[in-house]
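Chemist: Supplied structure: entry02.cif, mmCIF, C-alpha atoms.
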```cif
data_coords
#
loop_
_atom_site.label_atom_id
_atom_site.label_comp_id
_atom_site.auth_asym_id
_atom_site.auth_seq_id
_atom_site.Cartn_x
_atom_site.Cartn_y
_atom_site.Cartn_z
CA VAL A 1 -1.14 -81.79 -2.54
CA THR A 2 -1.26 -78.08 -2.04
CA GLN A 3 -4.06 -76.42 -3.96
CA SER A 4 -3.74 -72.68 -3.66
CA TRP A 5 -5.53 -71.89 -6.88
CA ARG A 6 -9.20 -72.05 -7.80
CA PRO A 7 -10.79 -71.52 -11.21
CA ALA A 8 -13.69 -69.88 -9.37
CA GLU A 9 -11.38 -67.13 -8.22
CA ARG A 10 -10.19 -66.65 -11.75
CA LEU A 11 -13.74 -66.42 -13.03
CA ALA A 12 -14.61 -63.84 -10.40
CA ALA A 13 -11.61 -61.68 -11.26
CA PRO A 14 -11.84 -58.96 -13.92
CA ALA A 15 -11.07 -60.26 -17.39
CA GLY A 16 -7.37 -59.73 -17.95
CA GLY A 17 -6.87 -61.03 -21.47
CA ASP A 18 -7.03 -58.70 -24.42
CA PRO A 19 -8.47 -59.75 -27.78
CA PRO A 20 -5.26 -59.39 -29.83
CA ALA A 21 -3.41 -61.65 -27.39
CA ARG A 22 -6.16 -64.23 -27.69
CA ARG A 23 -5.85 -64.23 -31.47
CA ASP A 24 -2.15 -64.73 -31.21
CA ARG A 25 -2.68 -67.57 -28.78
CA GLY A 26 -4.73 -69.40 -31.36
CA GLU A 27 -1.97 -69.12 -33.91
CA VAL A 28 0.62 -70.19 -31.38
CA LEU A 29 -1.41 -73.21 -30.40
CA VAL A 30 -1.77 -74.41 -33.96
CA LYS A 31 1.99 -74.33 -34.17
CA ALA A 32 2.15 -76.06 -30.81
CA ALA A 33 0.19 -78.91 -32.33
CA ALA A 34 2.67 -79.13 -35.15
CA ALA A 35 5.50 -79.20 -32.63
CA GLY A 36 3.63 -81.90 -30.73
CA VAL A 37 3.51 -84.02 -33.85
CA ALA A 38 7.23 -83.59 -34.29
CA LEU A 39 8.01 -84.42 -30.67
CA ALA A 40 5.69 -87.38 -30.41
CA GLY A 41 6.78 -88.59 -33.80
CA GLY A 42 3.36 -90.06 -34.45
CA ALA A 43 0.44 -89.45 -36.71
CA ALA A 44 -1.94 -89.77 -33.76
CA ALA A 45 -1.02 -86.29 -32.56
CA LEU A 46 -2.28 -84.93 -35.88
CA VAL A 47 -5.76 -85.44 -34.47
CA LEU A 48 -5.08 -82.46 -32.23
CA LEU A 49 -4.56 -80.02 -35.07
CA PRO A 50 -8.11 -79.15 -36.10
CA ARG A 51 -9.26 -78.70 -32.50
CA LEU A 52 -6.51 -76.38 -31.42
CA ALA A 53 -7.33 -73.40 -33.57
CA GLY A 54 -10.28 -72.38 -31.41
CA SER A 55 -8.62 -73.15 -28.09
CA ALA A 56 -6.70 -70.84 -25.83
CA PRO A 57 -5.92 -71.02 -22.12
CA SER A 58 -8.63 -69.36 -20.05
CA PRO A 59 -10.40 -69.74 -16.69
CA GLU A 60 -13.41 -71.06 -18.60
CA GLY A 61 -11.15 -73.57 -20.31
CA ASP A 62 -9.94 -74.76 -16.92
CA VAL A 63 -13.48 -75.26 -15.60
CA ARG A 64 -14.57 -77.04 -18.77
CA GLY A 65 -11.46 -79.20 -19.09
CA LEU A 66 -11.20 -80.15 -15.43
CA ASN A 67 -14.91 -81.03 -15.24
CA LEU A 68 -14.62 -83.24 -18.30
CA LEU A 69 -11.65 -85.04 -16.80
CA LEU A 70 -13.54 -85.27 -13.49
CA GLU A 71 -16.45 -87.01 -15.20
CA ILE A 72 -14.17 -89.62 -16.77
CA GLU A 73 -12.45 -90.24 -13.44
CA GLU A 74 -15.88 -90.64 -11.79
CA LEU A 75 -16.83 -93.11 -14.52
CA GLN A 76 -13.69 -95.11 -13.75
CA VAL A 77 -14.38 -95.19 -10.01
CA ALA A 78 -18.02 -96.16 -10.55
CA PHE A 79 -17.02 -98.97 -12.89
CA TYR A 80 -14.40 -100.39 -10.55
CA GLU A 81 -16.80 -100.19 -7.60
CA ASP A 82 -19.40 -102.03 -9.69
CA VAL A 83 -16.83 -104.74 -10.52
CA LEU A 84 -15.89 -105.10 -6.86
CA ALA A 85 -19.54 -105.23 -5.76
CA THR A 86 -20.41 -107.94 -8.27
CA GLY A 87 -17.27 -110.01 -7.73
CA ALA A 88 -16.48 -109.91 -11.44
CA ALA A 89 -12.70 -109.85 -10.97
CA THR A 90 -10.25 -112.29 -9.46
CA GLY A 91 -6.47 -112.73 -9.19
CA GLY A 92 -4.35 -110.15 -10.97
CA LEU A 93 -7.38 -108.36 -12.36
CA LEU A 94 -8.82 -107.95 -8.88
CA GLU A 95 -5.53 -106.49 -7.67
CA PHE A 96 -5.62 -104.00 -10.53
CA VAL A 97 -9.26 -103.06 -9.91
CA ARG A 98 -8.69 -102.49 -6.20
CA THR A 99 -5.64 -100.30 -6.83
CA ALA A 100 -7.19 -98.36 -9.71
CA ALA A 101 -10.41 -97.77 -7.76
CA GLU A 102 -8.45 -96.26 -4.90
CA GLN A 103 -6.15 -94.18 -7.10
CA ASP A 104 -8.89 -92.91 -9.41
CA ALA A 105 -10.93 -91.93 -6.33
CA LYS A 106 -7.91 -89.85 -5.33
CA HIS A 107 -8.00 -88.26 -8.79
CA VAL A 108 -11.67 -87.39 -8.30
CA ALA A 109 -10.94 -85.84 -4.91
CA THR A 110 -8.01 -83.86 -6.32
CA LEU A 111 -10.04 -82.49 -9.24
CA ARG A 112 -12.95 -81.59 -6.94
CA GLU A 113 -10.54 -79.79 -4.65
CA ILE A 114 -9.10 -77.79 -7.55
CA LEU A 115 -12.52 -76.96 -9.00
CA GLY A 116 -14.15 -76.10 -5.68
CA GLY A 117 -17.62 -74.68 -6.31
CA ASP A 118 -17.22 -75.05 -10.08
CA ALA A 119 -17.25 -78.85 -9.89
CA ARG A 120 -20.30 -80.43 -11.51
CA PRO A 121 -22.38 -82.99 -9.61
CA ALA A 122 -21.25 -86.56 -10.18
CA PRO A 123 -23.37 -88.32 -12.84
CA LEU A 124 -25.01 -91.68 -12.31
CA PHE A 125 -23.60 -94.52 -14.38
CA ASP A 126 -25.40 -97.72 -15.41
CA PHE A 127 -23.15 -100.58 -16.50
CA GLY A 128 -25.98 -103.04 -17.17
CA GLN A 129 -25.40 -103.09 -20.92
CA VAL A 130 -21.62 -103.47 -20.82
CA GLY A 131 -20.70 -106.65 -22.66
CA ASP A 132 -16.92 -106.63 -22.92
CA PRO A 133 -14.59 -108.27 -20.41
CA VAL A 134 -13.66 -106.14 -17.40
CA TRP A 135 -10.04 -105.68 -18.47
CA ARG A 136 -11.04 -104.40 -21.89
CA VAL A 137 -13.53 -101.89 -20.49
CA ALA A 138 -10.98 -100.76 -17.93
CA ALA A 139 -8.36 -100.22 -20.63
CA ARG A 140 -10.83 -98.23 -22.68
CA ILE A 141 -11.97 -95.92 -19.89
CA GLU A 142 -8.39 -95.27 -18.77
CA ASP A 143 -7.59 -94.35 -22.39
CA LEU A 144 -10.59 -91.99 -22.41
CA ALA A 145 -9.12 -89.89 -19.60
CA ILE A 146 -5.92 -89.50 -21.59
CA ALA A 147 -7.85 -88.65 -24.76
CA ALA A 148 -10.03 -86.12 -22.92
CA HIS A 149 -6.98 -84.47 -21.40
CA ALA A 150 -5.15 -84.37 -24.74
CA ALA A 151 -8.03 -82.44 -26.29
CA GLN A 152 -8.38 -80.06 -23.36
CA MET A 153 -4.68 -79.29 -22.87
CA PRO A 154 -4.55 -76.21 -25.14
CA GLY A 155 -7.42 -74.60 -23.24
CA LEU A 156 -5.95 -75.22 -19.79
CA SER A 157 -3.91 -72.67 -17.90
CA HIS A 158 -0.29 -73.61 -17.35
CA GLU A 159 -0.87 -74.45 -13.69
CA ALA A 160 -3.96 -76.57 -14.41
CA LEU A 161 -2.05 -78.43 -17.11
CA VAL A 162 0.79 -79.24 -14.74
CA GLN A 163 -1.62 -80.34 -12.00
CA THR A 164 -3.57 -82.66 -14.29
CA LEU A 165 -0.49 -84.29 -15.81
CA GLY A 166 0.11 -86.08 -12.50
CA ILE A 167 -3.37 -87.57 -12.75
CA VAL A 168 -3.38 -88.54 -16.42
CA SER A 169 0.10 -90.00 -16.10
CA VAL A 170 -1.24 -92.53 -13.58
CA ASP A 171 -4.21 -93.29 -15.87
CA ALA A 172 -1.65 -94.12 -18.57
CA ARG A 173 0.04 -96.51 -16.14
CA HIS A 174 -3.33 -98.10 -15.43
CA ALA A 175 -3.99 -98.49 -19.16
CA SER A 176 -0.75 -100.42 -19.65
CA TRP A 177 -1.20 -102.42 -16.44
CA VAL A 178 -4.67 -103.70 -17.24
CA ARG A 179 -3.65 -104.58 -20.78
CA ALA A 180 -0.83 -106.67 -19.34
CA VAL A 181 -3.43 -108.38 -17.14
CA GLY A 182 -5.55 -108.97 -20.25
CA GLY A 183 -2.58 -110.45 -22.06
CA VAL A 184 -2.19 -107.79 -24.73
CA ARG A 185 0.66 -105.38 -25.24
CA ALA A 186 0.38 -101.72 -24.40
CA PRO A 187 -1.02 -99.91 -27.43
CA ARG A 188 -0.13 -96.44 -28.59
CA ALA A 189 3.15 -96.76 -26.77
CA GLY A 190 4.87 -95.42 -29.82
CA ALA A 191 3.40 -92.00 -30.20
CA GLY A 192 1.08 -89.35 -28.91
CA ASP A 193 -2.41 -90.17 -27.76
CA ASP A 194 -5.59 -89.47 -29.65
CA ALA A 195 -7.48 -86.40 -28.53
CA MET A 196 -11.26 -86.66 -28.10
CA ASP A 197 -13.66 -83.78 -27.65
CA ASP A 198 -16.78 -83.88 -25.50
CA ALA A 199 -19.05 -85.37 -28.19
CA GLN A 200 -16.52 -88.03 -29.13
CA LEU A 201 -16.08 -88.99 -25.50
CA ARG A 202 -19.81 -89.38 -24.99
CA ALA A 203 -20.08 -91.50 -28.11
CA ALA A 204 -17.20 -93.67 -26.93
CA ILE A 205 -18.79 -94.11 -23.49
CA ALA A 206 -22.11 -95.07 -25.08
CA ALA A 207 -20.31 -97.53 -27.37
CA ILE A 208 -18.93 -99.33 -24.31
CA GLY A 209 -22.53 -99.81 -23.14
CA VAL A 210 -22.48 -97.31 -20.29
CA SER A 211 -25.59 -95.17 -19.68
CA VAL A 212 -24.98 -91.79 -18.08
CA GLY A 213 -27.70 -90.06 -16.07
CA SER A 214 -27.89 -86.86 -14.09
CA GLY A 215 -26.49 -87.03 -10.63
CA GLY A 216 -27.28 -85.04 -7.69
CA MET B 217 2.42 -109.21 -8.03
CA THR B 218 5.32 -107.87 -6.02
CA ARG B 219 4.73 -104.40 -4.70
CA LEU B 220 7.78 -102.26 -5.16
CA GLY B 221 8.01 -98.51 -4.98
CA HIS B 222 10.38 -96.28 -6.90
CA HIS B 223 13.13 -96.73 -4.38
CA GLU B 224 13.27 -100.51 -4.60
CA ALA B 225 12.86 -100.66 -8.36
CA LEU B 226 15.67 -98.18 -8.78
CA GLY B 227 17.90 -99.99 -6.35
CA ALA B 228 19.92 -101.75 -9.02
CA LEU B 229 20.99 -98.37 -10.38
CA ASP B 230 21.32 -96.46 -7.18
CA ARG B 231 25.06 -96.35 -6.65
CA ASP B 232 25.23 -93.60 -4.12
CA GLY B 233 21.67 -93.08 -3.05
CA GLN B 234 21.01 -90.17 -5.35
CA LEU B 235 18.17 -91.80 -7.25
CA GLY B 236 16.12 -92.48 -4.19
CA GLU B 237 16.91 -89.03 -2.91
CA ALA B 238 15.78 -87.47 -6.14
CA PHE B 239 12.45 -89.24 -6.06
CA SER B 240 11.73 -88.24 -2.51
CA GLY B 241 13.04 -84.69 -2.77
CA LEU B 242 10.72 -81.84 -3.51
CA SER B 243 7.08 -82.05 -2.59
CA ARG B 244 4.68 -81.81 -5.49
CA GLY B 245 2.88 -78.80 -4.08
CA GLY B 246 6.05 -76.90 -3.40
CA PHE B 247 7.41 -77.71 -6.81
CA ILE B 248 4.30 -76.52 -8.61
CA ALA B 249 4.11 -73.37 -6.53
CA ALA B 250 7.70 -72.60 -7.46
CA ALA B 251 7.07 -73.39 -11.11
CA VAL B 252 3.95 -71.28 -11.31
CA ALA B 253 5.69 -68.39 -9.59
CA GLY B 254 8.26 -68.42 -12.36
CA VAL B 255 5.77 -68.02 -15.16
CA GLY B 256 6.20 -64.27 -15.43
CA GLY B 257 7.32 -64.45 -19.04
CA PHE B 258 4.44 -66.70 -19.98
CA GLY B 259 2.13 -63.93 -21.18
CA ALA B 260 4.85 -62.29 -23.21
CA ALA B 261 5.68 -65.58 -24.87
CA LEU B 262 2.04 -66.06 -25.77
CA ALA B 263 2.15 -62.97 -27.94
CA ALA B 264 4.93 -64.42 -30.05
CA THR B 265 3.76 -66.42 -33.02
CA ALA B 266 7.03 -67.59 -34.56
CA PRO B 267 8.45 -70.73 -32.95
CA ALA B 268 11.94 -69.24 -32.88
CA ALA B 269 10.70 -66.17 -31.04
CA ALA B 270 8.48 -68.21 -28.71
CA ALA B 271 11.34 -70.31 -27.40
CA GLY B 272 13.57 -68.34 -25.07
CA GLU B 273 16.98 -69.40 -23.84
CA ASP B 274 15.53 -71.10 -20.77
CA ASP B 275 13.13 -73.10 -22.90
CA ILE B 276 15.95 -74.14 -25.21
CA ALA B 277 17.88 -75.40 -22.19
CA VAL B 278 14.87 -77.49 -21.16
CA LEU B 279 14.58 -78.97 -24.65
CA ARG B 280 18.30 -79.79 -24.68
CA PHE B 281 17.88 -81.54 -21.33
CA LEU B 282 14.93 -83.55 -22.63
CA LEU B 283 16.84 -84.47 -25.76
CA ARG B 284 19.72 -85.82 -23.68
CA LEU B 285 17.28 -87.95 -21.68
CA LYS B 286 15.59 -89.24 -24.85
CA GLN B 287 18.97 -89.98 -26.41
CA MET B 288 19.85 -92.11 -23.39
CA GLN B 289 16.55 -94.02 -23.56
CA ALA B 290 16.79 -94.48 -27.32
CA VAL B 291 20.33 -95.83 -27.22
CA PHE B 292 19.46 -98.08 -24.27
CA TYR B 293 16.66 -99.84 -26.16
CA THR B 294 18.59 -99.96 -29.42
CA GLN B 295 21.52 -101.58 -27.66
CA ALA B 296 19.28 -104.04 -25.79
CA GLU B 297 17.66 -105.04 -29.06
CA ARG B 298 21.02 -105.61 -30.75
CA VAL B 299 22.75 -107.41 -27.89
CA GLY B 300 20.11 -110.13 -27.96
CA ALA B 301 19.84 -110.92 -24.24
CA ILE B 302 16.07 -110.33 -24.20
CA SER B 303 13.36 -112.12 -26.10
CA GLY B 304 9.60 -112.58 -26.42
CA ARG B 305 7.45 -109.92 -24.77
CA ASP B 306 10.51 -108.12 -23.40
CA LEU B 307 12.00 -107.78 -26.86
CA GLU B 308 8.67 -106.63 -28.29
CA ALA B 309 8.44 -103.91 -25.66
CA ALA B 310 12.04 -102.85 -26.31
CA ARG B 311 11.30 -102.55 -30.01
CA VAL B 312 8.05 -100.59 -29.63
CA ILE B 313 9.24 -98.31 -26.86
CA GLY B 314 12.67 -97.92 -28.45
CA ALA B 315 11.08 -96.75 -31.69
CA ALA B 316 9.01 -94.21 -29.73
CA GLU B 317 12.06 -92.90 -27.89
CA ARG B 318 14.08 -92.62 -31.09
CA ALA B 319 11.22 -90.70 -32.71
CA SER B 320 10.99 -88.36 -29.73
CA ALA B 321 14.75 -87.77 -29.78
CA GLN B 322 14.66 -87.04 -33.49
CA GLY B 323 11.72 -84.66 -33.05
CA LEU B 324 13.49 -82.74 -30.30
CA ALA B 325 16.73 -82.64 -32.32
CA ARG B 326 14.85 -81.23 -35.31
CA ARG B 327 13.20 -78.61 -33.13
CA LEU B 328 16.57 -77.57 -31.69
CA GLY B 329 18.35 -77.60 -35.07
CA LYS B 330 21.94 -76.51 -34.67
CA GLY B 331 21.39 -76.14 -30.94
CA ALA B 332 20.88 -79.89 -30.53
CA PRO B 333 23.61 -81.55 -28.47
CA PRO B 334 25.34 -84.49 -30.19
CA VAL B 335 24.63 -88.01 -29.03
CA PRO B 336 27.05 -88.93 -26.23
CA THR B 337 28.70 -92.30 -25.82
CA PHE B 338 26.72 -94.35 -23.32
CA ASP B 339 27.97 -97.20 -21.18
CA PHE B 340 25.05 -99.07 -19.65
CA GLN B 341 27.45 -101.24 -17.71
CA GLY B 342 25.86 -104.54 -18.58
CA ALA B 343 22.26 -103.45 -18.08
CA THR B 344 21.43 -104.36 -21.69
CA GLU B 345 23.02 -107.78 -21.39
CA ASP B 346 20.86 -109.42 -18.76
CA ARG B 347 17.05 -109.68 -18.68
CA GLU B 348 16.53 -108.74 -15.06
CA ARG B 349 18.91 -105.80 -15.20
CA PHE B 350 17.38 -104.67 -18.48
CA LEU B 351 13.89 -104.61 -16.99
CA ARG B 352 14.94 -102.84 -13.79
CA THR B 353 16.84 -100.23 -15.76
CA ALA B 354 13.97 -99.76 -18.21
CA VAL B 355 11.58 -99.21 -15.31
CA ALA B 356 13.94 -96.66 -13.79
CA LEU B 357 14.44 -94.83 -17.10
CA GLU B 358 10.71 -94.63 -17.89
CA ASP B 359 9.73 -93.52 -14.39
CA LEU B 360 12.47 -90.93 -14.55
CA GLY B 361 11.34 -89.88 -18.02
CA ALA B 362 7.74 -89.28 -16.95
CA ALA B 363 8.85 -87.26 -13.91
CA ALA B 364 11.28 -85.27 -16.08
CA ILE B 365 8.65 -84.48 -18.73
CA GLN B 366 6.22 -83.26 -16.09
CA GLY B 367 8.93 -81.12 -14.56
CA ALA B 368 9.83 -79.76 -17.99
CA VAL B 369 6.19 -78.83 -18.68
CA ALA B 370 6.14 -76.84 -15.44
CA GLU B 371 9.40 -75.11 -16.32
CA LEU B 372 8.71 -74.28 -19.97
CA GLN B 373 7.25 -70.89 -20.75
CA ALA B 374 6.31 -70.81 -24.44
CA PRO B 375 2.79 -72.24 -24.86
CA LEU B 376 3.89 -73.83 -28.09
CA LEU B 377 6.34 -75.92 -26.17
CA VAL B 378 4.23 -76.46 -23.04
CA VAL B 379 1.53 -78.31 -24.97
CA ALA B 380 3.97 -80.11 -27.24
CA VAL B 381 6.09 -81.46 -24.38
CA ALA B 382 2.99 -82.27 -22.27
CA SER B 383 1.87 -84.57 -25.10
CA LEU B 384 4.94 -86.70 -24.39
CA ASP B 385 3.88 -87.50 -20.83
CA ALA B 386 1.09 -90.06 -21.33
CA PRO B 387 3.15 -92.18 -23.77
CA GLU B 388 6.05 -92.11 -21.32
CA ALA B 389 3.80 -93.20 -18.45
CA ARG B 390 2.38 -95.96 -20.66
CA HIS B 391 5.95 -97.15 -21.20
CA ALA B 392 6.58 -97.06 -17.45
CA GLY B 393 3.44 -99.07 -16.71
CA TRP B 394 4.25 -101.59 -19.43
CA MET B 395 7.85 -102.12 -18.29
CA ARG B 396 6.78 -102.37 -14.65
CA ALA B 397 4.23 -105.04 -15.56
CA LEU B 398 6.91 -107.00 -17.43
CA ALA B 399 9.27 -106.63 -14.46
CA GLY B 400 6.57 -107.89 -12.07
CA VAL B 401 6.43 -104.71 -9.99
CA ASN B 402 3.43 -102.49 -9.27
CA PRO B 403 2.84 -100.44 -12.46
CA ALA B 404 1.17 -97.60 -10.54
CA PRO B 405 2.88 -97.26 -7.15
CA ARG B 406 1.28 -93.88 -6.40
CA ALA B 407 -2.09 -92.25 -7.02
CA LEU B 408 -0.48 -89.11 -8.41
CA ASP B 409 2.72 -88.99 -10.44
CA ALA B 410 5.07 -86.24 -9.35
CA PRO B 411 7.29 -83.99 -11.48
CA GLN B 412 11.00 -83.72 -10.92
CA THR B 413 13.21 -80.72 -11.50
CA ARG B 414 15.82 -80.70 -14.22
CA LEU B 415 18.55 -80.50 -11.62
CA ALA B 416 17.25 -83.54 -9.75
CA VAL B 417 16.97 -85.59 -12.95
CA GLU B 418 20.45 -84.55 -14.08
CA ARG B 419 21.83 -85.69 -10.74
CA VAL B 420 20.13 -89.05 -11.17
CA ILE B 421 21.57 -89.47 -14.64
CA ALA B 422 25.03 -88.50 -13.42
CA SER B 423 24.79 -91.02 -10.58
CA THR B 424 24.25 -93.91 -12.97
CA GLY B 425 27.52 -93.41 -14.81
CA PHE B 426 25.67 -94.25 -18.03
CA VAL B 427 26.96 -91.19 -19.86
CA ALA B 428 30.50 -92.26 -20.63
CA ASP B 429 31.44 -89.35 -22.85
CA ALA B 430 29.49 -86.20 -23.60
CA PRO B 431 31.06 -84.60 -26.66
CA THR B 432 30.92 -80.85 -26.85
CA THR B 433 31.05 -80.68 -30.62
CA GLU B 434 29.50 -82.65 -33.46
CA THR B 435 32.83 -84.15 -34.44
CA ARG B 436 34.26 -85.31 -31.12
CA GLY B 437 33.53 -88.83 -30.00
CA ARG B 438 31.59 -91.49 -31.79
CA PRO B 439 28.88 -93.45 -29.95
CA SER B 440 28.93 -97.20 -30.28
CA PHE B 441 25.15 -97.12 -30.70
CA THR B 442 23.45 -94.06 -32.04
CA GLY B 443 19.86 -95.20 -31.80
#
```
For the structure just supplied, provide its representation as structure tokens.
Modeler:
Amino acid sequence: VTQSWRPAERLAAPAGGDPPARRDRGEVLVKAAAAGVALAGGAAALVLLPRLAGSAPSPEGDVRGLNLLLEIEELQVAFYEDVLATGAATGGLLEFVRTAAEQDAKHVATLREILGGDARPAPLFDFGQVGDPVWRVAARIEDLAIAAHAAQMPGLSHEALVQTLGIVSVDARHASWVRAVGGVRAPRAGAGDDAMDDAQLRAAIAAIGVSVGSGG
Amino acid sequence: MTRLGHHEALGALDRDGQLGEAFSGLSRGGFIAAAVAGVGGFGAALAATAPAAAAGEDDIAVLRFLLRLKQMQAVFYTQAERVGAISGRDLEAARVIGAAERASAQGLARRLGKGAPPVPTFDFQGATEDRERFLRTAVALEDLGAAAIQGAVAELQAPLLVVAVASLDAPEARHAGWMRALAGVNPAPRALDAPQTRLAVERVIASTGFVADAPTTETRGRPSFTG
């Protein structure tokens, strides 16, 4: 993957946006949400509406959005590595975990390459309190990447949005795959995905039983 | 689980090699660089607040292309459901995914209004009448759909449409993963999904022969299944 663009360079450059354009962006993005509802044909996309009004593409939005996605991808890798280390998966589930661990590690590397010096340190994750079966946790944390991305999309630059779609698209494949392993059908296949902001993501991660600490 | 890449899974459809060629064509980096370079009108479009003003002719062409793709998927699942050759989990997936594709097609048609192309007549050449062929074709259509949506997001200029169309990608990839799991092939054959250009996707569609008749007006032709 060729990465010729860095948010850090954007941040260092003189501010190019003018205030009137930013206001118009907000209005446009609210309408974008409405269009998203129409295209996705689902009520789930309505969740986007209230969060879009204050969002507009910006270098800061790229750094924030890409770091949030990075943290979810790091959570996925840490979880799969924990599963592999403890031997908690066998058969088809083990095949999924091995593949997802490798592919999500590639997502982490890609996001770190894009972010460069703006990438946050990887957090430390503790899975000691996780009680659900592996497949269910895996499905949930793959969904979280999609939900995080859905909420951050309006604040991402066009190029960052295109770059991250290739990542989130594979997370969506993982989410369906591991549900098939778990014997349940793919959910939310009928419409847009829920969007979750930073606070909602952290609450969802805590609800799974994962503790997040500062990394180094 | 059998490990199959795009090329093998698409083999049943690949009459003249164009599908495989399309999936191995442009590199992701080169494609994105080209797409980003063409975003000159992006800032101007941002200033527009009315949807009609925000969507230029190029964007309308992208939406028409996506609608044609969604029409094909919608009719495929509708026909598979009605023919009755699939059952159980396969039928459930056809119903759920078919409803999603029909909703997407209707949403795009509403957005395009009078500019929406009519539904063509499709001939799936038996792919809806046999379980294995249904699954292989569904995998091909969903993989193609995800690549096409990502390519469309790169090509679109109006932010209104960029975000709206991008929201279609994750559901499409969920469909692809689901159908691949049902077909017994690797649901995630690559670490990063790659976009495809409109031209490449149109070539793939043409190579299938699935579009039997593409009417140029609302009154010409009548599809056997309208989705």
Chemist: On this file, the PyMOL selection byres ((chain B and resi 283) around 10) gives some set of residues; write that set as an NGL selection string.
Modeler: :B and (277-282 or 284-289 or 317 or 320-325 or 328 or 332-335)
Chemist: Just say which residues the PyMOL selection byres ((chain A and resi 79-82) around 9) picks in this file, as an mmCIF file with C-alpha atoms, in the coordinates of the input.
Modeler:
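Final output, saved to expr_34.cif:
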```
data_model
loop_
_atom_site.group_PDB
_atom_site.id
_atom_site.type_symbol
_atom_site.label_atom_id
_atom_site.label_comp_id
_atom_site.auth_asym_id
_atom_site.auth_seq_id
_atom_site.Cartn_x
_atom_site.Cartn_y
_atom_site.Cartn_z
ATOM 1 C CA GLU A 74 -15.880 -90.640 -11.790
ATOM 2 C CA LEU A 75 -16.830 -93.110 -14.520
ATOM 3 C CA GLN A 76 -13.690 -95.110 -13.750
ATOM 4 C CA VAL A 77 -14.380 -95.190 -10.010
ATOM 5 C CA ALA A 78 -18.020 -96.160 -10.550
ATOM 6 C CA VAL A 83 -16.830 -104.740 -10.520
ATOM 7 C CA LEU A 84 -15.890 -105.100 -6.860
ATOM 8 C CA ALA A 85 -19.540 -105.230 -5.760
ATOM 9 C CA THR A 86 -20.410 -107.940 -8.270
ATOM 10 C CA GLY A 87 -17.270 -110.010 -7.730
ATOM 11 C CA ALA A 88 -16.480 -109.910 -11.440
ATOM 12 C CA VAL A 97 -9.260 -103.060 -9.910
ATOM 13 C CA ARG A 98 -8.690 -102.490 -6.200
ATOM 14 C CA ALA A 100 -7.190 -98.360 -9.710
ATOM 15 C CA ALA A 101 -10.410 -97.770 -7.760
ATOM 16 C CA PHE A 125 -23.600 -94.520 -14.380
ATOM 17 C CA ASP A 126 -25.400 -97.720 -15.410
ATOM 18 C CA PHE A 127 -23.150 -100.580 -16.500
ATOM 19 C CA VAL A 134 -13.660 -106.140 -17.400
ATOM 20 C CA VAL A 137 -13.530 -101.890 -20.490
ATOM 21 C CA ALA A 138 -10.980 -100.760 -17.930
#
```
Chemist: Give me, as JSON, numbers by chain, all polymer residues having an atom no more than 6 Å from stretch 383-385 of chain B, counting only C-alpha atoms and skipping those fewer than 3 positions away in the same chain.
Modeler: {"B": [362, 380, 388]}
Chemist: Atom CA of B:Ala407 and atom CA of A:Asp104, how far apart in Å?
Modeler: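 That distance, rounded to one decimal, is 7.2 Å.
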Chemist: Evaluating the PyMOL selection byres ((chain A and resi 201-205) around 10) on the displayed file yields which residues, as a VMD selection string?
Modeler: chain A and resid 68 72 75 137 140 to 141 144 to 145 147 to 148 195 to 200 206 to 212
Chemist: Quick one, how far is atom CA of B:Ala399 from atom CA of B:Asp346?
Modeler: 12.7 Å
Chemist: How many Å lie between atom CA of B:Leu351 and atom CA of B:Leu398, rounded to one decimal?
Modeler: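 Answer for the atom CA of B:Leu351 to atom CA of B:Leu398 separation: 7.4 Å.
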Chemist: With distances taken over only C-alpha atoms, which of B:Gln412, B:Thr353, B:Asn402, B:Gln341 is nearest to B:Ala370?
Modeler: B:Gln412
Chemist: Looking at B:Val417, B:Leu357, B:Val312, B:Ile365, which one is nearest to chain A, with distances taken over only C-alpha atoms?
Modeler: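 With only C-alpha atoms as the atom set, the closest residue is B:Val312.
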Chemist: Between B:Ala382, B:Ser423, B:Ala428, B:Ile276, which residue has the minimum interatomic distance to B:Gly329, considering all atoms listed in the file?
Modeler: B:Ile276
Chemist: Name the closest residue to chain A among the candidates B:Ala296, B:Ala364, B:Val378, B:Val291; distances are taken between atoms, counting only C-alpha atoms.
Modeler: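 When distances to chain A are compared using only C-alpha atoms, the smallest one comes from B:Val378.
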Chemist: Find, counting all atoms listed in the file, the residue in A:Val170, A:Ala160, A:Val130, A:Ala119 that gets nearest to chain B.
Modeler: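 Of all the options, A:Val170 lies closest to chain B.
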Chemist: Which residue, B:Glu297, B:Glu308, B:Glu371, B:Glu418, has the smallest gap to B:Trp394 when you use only C-alpha atoms?
Modeler: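 Going through B:Glu297, B:Glu308, B:Glu371, B:Glu418 one by one, the smallest distance to B:Trp394 is for B:Glu308.
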Chemist: Pick out the residues sitting within 9 Å of A:Val162, and hand them over as an NGL selection string; count all atoms listed in the file, and ignore anything fewer than 6 positions along from it in its own chain.
Modeler: :B and (248 or 366-367 or 369-370 or 382 or 411)
Chemist: Determine, counting only C-alpha atoms, which protein, DNA and RNA residues have an atom within 10 Å of an atom of A:Ile146; residues of the same chain fewer than 5 positions away are not included. Present the result as a list in words.
Modeler: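 The neighbour list is Leu69, Ile72, Ile141, Ala151, Gln152, Leu165, Ile167, Val168, Ser169, Val170, Asp171, Ala172, Ala175, Asp193, Asp194, Ala195 and Met196 of chain A; Ser383, Ala386 and Pro387 of chain B.
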Chemist: For the point (12.1, -96.2, -32.7) in the file's frame, write as a list in words all residues with an atom no more than 10 Å away, counting only C-alpha atoms.
Modeler: Gly41, Gly190 and Ala191 of chain A; Ala290, Val291, Tyr293, Thr294, Ala310, Arg311, Val312, Ile313, Gly314, Ala315, Ala316, Glu317, Arg318, Ala319, Ser320, Ala321, Gln322 and Gly443 of chain B
